[in-house]
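See structure below.
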Amino acid sequence: MTKILLHGCNGRMGRMITELVRNDADAEIVAGVDSYTGVANDYPVYDSIEKCDLDADVVIDFSNAGAVDALLDHCVEKKVPVVLCTTGLSEAQLAKVQEASGKTAILKSANMSMGINLLLKLLKDAAKVLGNAGYDIELVERHHNQKLDAPSGTALALADSVNEALNGEYHYVYDRSQVRQKRDEKEIGISAVRGGTIVGEHEVIFAGTDEVIEFKHSAYSRNVFAKGAVEAAKFLAGKEPGMYDMSDVIQF
């Protein structure tokens, strides 16, 4: 039985994970942390991580960037592994995540779904062929109108996967409205759409002469992210300090 501390328990993803774990014989949420405590939970909820004194095997974090520093301090002090799902972290926070991984296990992923993590692998293979053949690379991501960060962490992870396969030679362009010039052959264009209740769509386009190859992933429910996070928590509990990702959890 994996004992989970759910950080951001009363947010949309937190509530979904709560329902999922309720029917999981191999996992249990022993406590939650959320600044909003006006939800009836069947486990104790604290308004800050510092106030939580219950033991857990692992933390699942779906909170916000402003809460991550205190969470990392707590996990390092308690030597508790953490599945870090919050996106929009600053460069300083990313450096702190890396430092903390020397003292406790951290699994960081911009997206917890199996489909996206398979796509990350497929894009590397495609980029080596199509990028080196001169195909232009564009990425379009679509999310609901309540999402705060743009582009999404998943979009950046997809772009990074492509760029890594191409020896890091590409740069990212987010806005072409301020310049009048032809597209640079070494750029990856990233566009963000925000509207309605779109859960998450990511499309990677390789555009060549007279043909276009597209890779697309659509999430129709946040449940795919919740399932991935719970499986990641089960995997990470008891692991040695270090950085992990979903490729360690999902064996392709």
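We name chains A, B, ... following the order of the structure tokens; residues begin at 1 in each chain, and ligands are numbered from 1 as shown.
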For Ala229 of chain A, work out the shell of residues within 8 Å, counting only C-alpha atoms and skipping chain neighbours fewer than 3 positions away, then give it as a list in words.
-> Ile60, Val83, Cys85, Met112, Phe225, Ala226, Ala232 and Ala233 of chain A
Determine which residues of segment 40-147 of chain A receive a DSSP assignment of helix (DSSP H, G or I), computed from the backbone, and state them as a ChimeraX atom specification.
-> /A:49-51,65-78,91-100,114-130
Spatial neighbours of Gly196 of chain A, max dist 9 Å, only C-alpha atoms, sep filter under 3 positions, as a PyMOL selection string | chain A and resi 143-146
Store the residues picked out above, limited to all heavy atoms, as a short mmCIF file (atom, residue, chain, number, x, y, z; two decimals), in the first residue's frame.
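Result file follows (selection_31.cif):
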data_model
loop_
_atom_site.label_atom_id
_atom_site.label_comp_id
_atom_site.auth_asym_id
_atom_site.auth_seq_id
_atom_site.Cartn_x
_atom_site.Cartn_y
_atom_site.Cartn_z
N HIS A 143 -5.61 24.67 -25.10
CA HIS A 143 -6.08 24.37 -23.75
C HIS A 143 -7.28 25.25 -23.39
O HIS A 143 -7.59 26.20 -24.08
CB HIS A 143 -4.96 24.58 -22.72
CG HIS A 143 -3.94 23.49 -22.71
ND1 HIS A 143 -2.84 23.49 -23.54
CD2 HIS A 143 -3.85 22.34 -21.98
CE1 HIS A 143 -2.12 22.40 -23.31
NE2 HIS A 143 -2.71 21.70 -22.38
N HIS A 144 -7.88 24.93 -22.27
CA HIS A 144 -9.06 25.64 -21.77
C HIS A 144 -8.72 27.08 -21.40
O HIS A 144 -7.54 27.45 -21.25
CB HIS A 144 -9.62 24.91 -20.54
CG HIS A 144 -8.58 24.67 -19.47
ND1 HIS A 144 -8.30 25.58 -18.48
CD2 HIS A 144 -7.73 23.62 -19.28
CE1 HIS A 144 -7.35 25.12 -17.69
NE2 HIS A 144 -6.97 23.93 -18.16
N ASN A 145 -9.76 27.87 -21.25
CA ASN A 145 -9.55 29.31 -21.03
C ASN A 145 -9.15 29.68 -19.61
O ASN A 145 -8.96 30.86 -19.30
CB ASN A 145 -10.80 30.10 -21.44
CG ASN A 145 -12.05 29.66 -20.68
OD1 ASN A 145 -11.98 29.07 -19.60
ND2 ASN A 145 -13.21 29.95 -21.26
N GLN A 146 -8.98 28.68 -18.73
CA GLN A 146 -8.55 28.97 -17.36
C GLN A 146 -7.06 28.70 -17.16
O GLN A 146 -6.53 28.98 -16.08
CB GLN A 146 -9.36 28.11 -16.37
CG GLN A 146 -10.85 28.36 -16.40
CD GLN A 146 -11.21 29.79 -16.09
OE1 GLN A 146 -10.88 30.31 -15.02
NE2 GLN A 146 -11.88 30.45 -17.02
#
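When the distance limit is 8 Å and only C-alpha atoms are what count, the residues near segment 120-131 of chain A, minus those fewer than 4 positions from it on the same chain, are Ile116, Tyr135, Asp136, Ile137, Ala157, Leu158, Ser161, Val162, Glu164, Ala165, Leu166 and Phe206 of chain A.
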Go through A:Glu91, A:Glu99, A:Asp184, A:Glu240 one by one, measure the shortest atom-to-atom distance of each to Ala65 of chain A using only C-alpha atoms, and give the residue with the smallest value.
-> A:Glu91
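Ranking A:Met16, A:Val140, A:Ala27, A:Leu148 by their shortest atom-to-atom distance to Asn64 of chain A, with only C-alpha atoms included, puts A:Leu148 first.
Taking only C-alpha atoms into account, Asp61 of chain A lies nearest to A:Leu84 out of the set A:Leu84, A:Val179, A:Ala40, A:Val97.
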State, in Å with one decimal place, the distance from atom CA of Arg194 of chain A to atom CA of Leu20 of chain A.
->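 Computed distance, atom CA of Arg194 of chain A to atom CA of Leu20 of chain A, equals 27.5 Å.
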Which of segment 33-181 of chain A end up as strand (DSSP E) when DSSP is run on this backbone - answer as a PDB file with N, CA and C atoms, in the first residue's frame?
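New file states08.pdb:
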ATOM      1  N   VAL A  33      -2.803  18.834   1.136  1.00  0.00           N
ATOM      2  CA  VAL A  33      -2.417  20.219   1.394  1.00  0.00           C
ATOM      3  C   VAL A  33      -3.054  21.099   0.336  1.00  0.00           C
ATOM      4  N   VAL A  45      -6.689  17.706   5.832  1.00  0.00           N
ATOM      5  CA  VAL A  45      -6.157  18.667   4.877  1.00  0.00           C
ATOM      6  C   VAL A  45      -5.548  19.853   5.638  1.00  0.00           C
ATOM      7  N   TYR A  46      -4.350  20.232   5.249  1.00  0.00           N
ATOM      8  CA  TYR A  46      -3.627  21.342   5.866  1.00  0.00           C
ATOM      9  C   TYR A  46      -3.523  22.483   4.863  1.00  0.00           C
ATOM     10  N   VAL A  58       5.168   9.052  -0.415  1.00  0.00           N
ATOM     11  CA  VAL A  58       5.426   9.850  -1.609  1.00  0.00           C
ATOM     12  C   VAL A  58       4.432  11.012  -1.663  1.00  0.00           C
ATOM     13  N   VAL A  59       4.828  12.092  -2.307  1.00  0.00           N
ATOM     14  CA  VAL A  59       3.953  13.245  -2.525  1.00  0.00           C
ATOM     15  C   VAL A  59       3.585  13.306  -4.002  1.00  0.00           C
ATOM     16  N   ILE A  60       2.309  13.561  -4.282  1.00  0.00           N
ATOM     17  CA  ILE A  60       1.886  13.930  -5.632  1.00  0.00           C
ATOM     18  C   ILE A  60       1.547  15.405  -5.606  1.00  0.00           C
ATOM     19  N   ASP A  61       2.182  16.175  -6.476  1.00  0.00           N
ATOM     20  CA  ASP A  61       1.993  17.623  -6.495  1.00  0.00           C
ATOM     21  C   ASP A  61       1.267  18.079  -7.753  1.00  0.00           C
ATOM     22  N   VAL A  82       8.846  12.877  -4.463  1.00  0.00           N
ATOM     23  CA  VAL A  82       7.734  13.711  -4.929  1.00  0.00           C
ATOM     24  C   VAL A  82       7.546  13.559  -6.432  1.00  0.00           C
ATOM     25  N   VAL A  83       6.299  13.353  -6.828  1.00  0.00           N
ATOM     26  CA  VAL A  83       5.899  13.378  -8.234  1.00  0.00           C
ATOM     27  C   VAL A  83       5.478  14.811  -8.523  1.00  0.00           C
ATOM     28  N   LEU A  84       6.324  15.531  -9.244  1.00  0.00           N
ATOM     29  CA  LEU A  84       6.146  16.971  -9.430  1.00  0.00           C
ATOM     30  C   LEU A  84       5.459  17.242 -10.762  1.00  0.00           C
ATOM     31  N   ALA A 105      14.145  11.493  -4.114  1.00  0.00           N
ATOM     32  CA  ALA A 105      13.716  11.114  -5.470  1.00  0.00           C
ATOM     33  C   ALA A 105      12.663  12.096  -5.982  1.00  0.00           C
ATOM     34  N   ILE A 106      12.848  12.582  -7.209  1.00  0.00           N
ATOM     35  CA  ILE A 106      11.895  13.492  -7.825  1.00  0.00           C
ATOM     36  C   ILE A 106      11.554  12.984  -9.219  1.00  0.00           C
ATOM     37  N   LEU A 107      10.280  12.835  -9.486  1.00  0.00           N
ATOM     38  CA  LEU A 107       9.818  12.500 -10.829  1.00  0.00           C
ATOM     39  C   LEU A 107       9.110  13.727 -11.365  1.00  0.00           C
ATOM     40  N   LYS A 108       9.696  14.327 -12.372  1.00  0.00           N
ATOM     41  CA  LYS A 108       9.134  15.543 -12.955  1.00  0.00           C
ATOM     42  C   LYS A 108       8.691  15.263 -14.377  1.00  0.00           C
ATOM     43  N   ASP A 136      10.188  22.139 -42.187  1.00  0.00           N
ATOM     44  CA  ASP A 136       9.897  23.139 -41.162  1.00  0.00           C
ATOM     45  C   ASP A 136       9.101  22.490 -40.040  1.00  0.00           C
ATOM     46  N   ILE A 137       9.349  22.951 -38.811  1.00  0.00           N
ATOM     47  CA  ILE A 137       8.721  22.335 -37.640  1.00  0.00           C
ATOM     48  C   ILE A 137       7.886  23.383 -36.903  1.00  0.00           C
ATOM     49  N   GLU A 138       6.620  23.088 -36.726  1.00  0.00           N
ATOM     50  CA  GLU A 138       5.699  23.972 -36.006  1.00  0.00           C
ATOM     51  C   GLU A 138       4.935  23.159 -34.971  1.00  0.00           C
ATOM     52  N   LEU A 139       4.568  23.813 -33.891  1.00  0.00           N
ATOM     53  CA  LEU A 139       3.830  23.144 -32.817  1.00  0.00           C
ATOM     54  C   LEU A 139       2.661  24.030 -32.401  1.00  0.00           C
ATOM     55  N   VAL A 140       1.480  23.447 -32.327  1.00  0.00           N
ATOM     56  CA  VAL A 140       0.277  24.171 -31.889  1.00  0.00           C
ATOM     57  C   VAL A 140      -0.310  23.445 -30.693  1.00  0.00           C
ATOM     58  N   GLU A 141      -0.538  24.177 -29.616  1.00  0.00           N
ATOM     59  CA  GLU A 141      -1.184  23.569 -28.435  1.00  0.00           C
ATOM     60  C   GLU A 141      -2.448  24.328 -28.096  1.00  0.00           C
ATOM     61  N   ARG A 142      -3.459  23.590 -27.638  1.00  0.00           N
ATOM     62  CA  ARG A 142      -4.762  24.171 -27.300  1.00  0.00           C
ATOM     63  C   ARG A 142      -5.178  23.718 -25.908  1.00  0.00           C
ATOM     64  N   HIS A 143      -5.613  24.672 -25.098  1.00  0.00           N
ATOM     65  CA  HIS A 143      -6.079  24.366 -23.745  1.00  0.00           C
ATOM     66  C   HIS A 143      -7.277  25.247 -23.389  1.00  0.00           C
ATOM     67  N   HIS A 171      15.970  27.105 -32.391  1.00  0.00           N
ATOM     68  CA  HIS A 171      15.480  28.045 -31.389  1.00  0.00           C
ATOM     69  C   HIS A 171      13.964  28.161 -31.524  1.00  0.00           C
ATOM     70  N   TYR A 172      13.310  28.621 -30.468  1.00  0.00           N
ATOM     71  CA  TYR A 172      11.857  28.668 -30.426  1.00  0.00           C
ATOM     72  C   TYR A 172      11.344  30.074 -30.713  1.00  0.00           C
ATOM     73  N   VAL A 173      10.297  30.148 -31.498  1.00  0.00           N
ATOM     74  CA  VAL A 173       9.657  31.421 -31.827  1.00  0.00           C
ATOM     75  C   VAL A 173       8.195  31.356 -31.388  1.00  0.00           C
TER      76      VAL A 173
END
Using only C-alpha atoms, pick whichever of A:Leu119, A:Cys52, A:Leu71, A:Met114 has the shortest atom-to-atom distance to Ala100 of chain A.
-> A:Leu71
Any idea what's packed within 12 Å of Glu50 of chain A, counting only C-alpha atoms, ignoring anything in its chain fewer than 5 positions away? Could you give it as an MDAnalysis selection string?
-> chainID A and resid 7 32:34 45 67 69:75 77:78
When distances are computed from only C-alpha atoms, which of A:Ala237, A:Ala92, A:Ala150, A:Leu118 shows the smallest separation from Met1 of chain A?
->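 When distances to Met1 of chain A are compared using only C-alpha atoms, the smallest one comes from A:Ala237.
Distance-wise, atom CA of Tyr170 of chain A and atom CA of Val212 of chain A end up 19.3 Å apart.
The residue that comes closest to Thr86 of chain A, out of A:Gly134, A:Pro44, A:Pro151, A:Gly8 and on the basis of only C-alpha atoms, is A:Gly8.
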Interatomic distance, atom CA of Gly153 of chain A to atom CA of His202 of chain A (Å, one decimal) |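 Interatomic distance, atom CA of Gly153 of chain A to atom CA of His202 of chain A: 11.0 Å.
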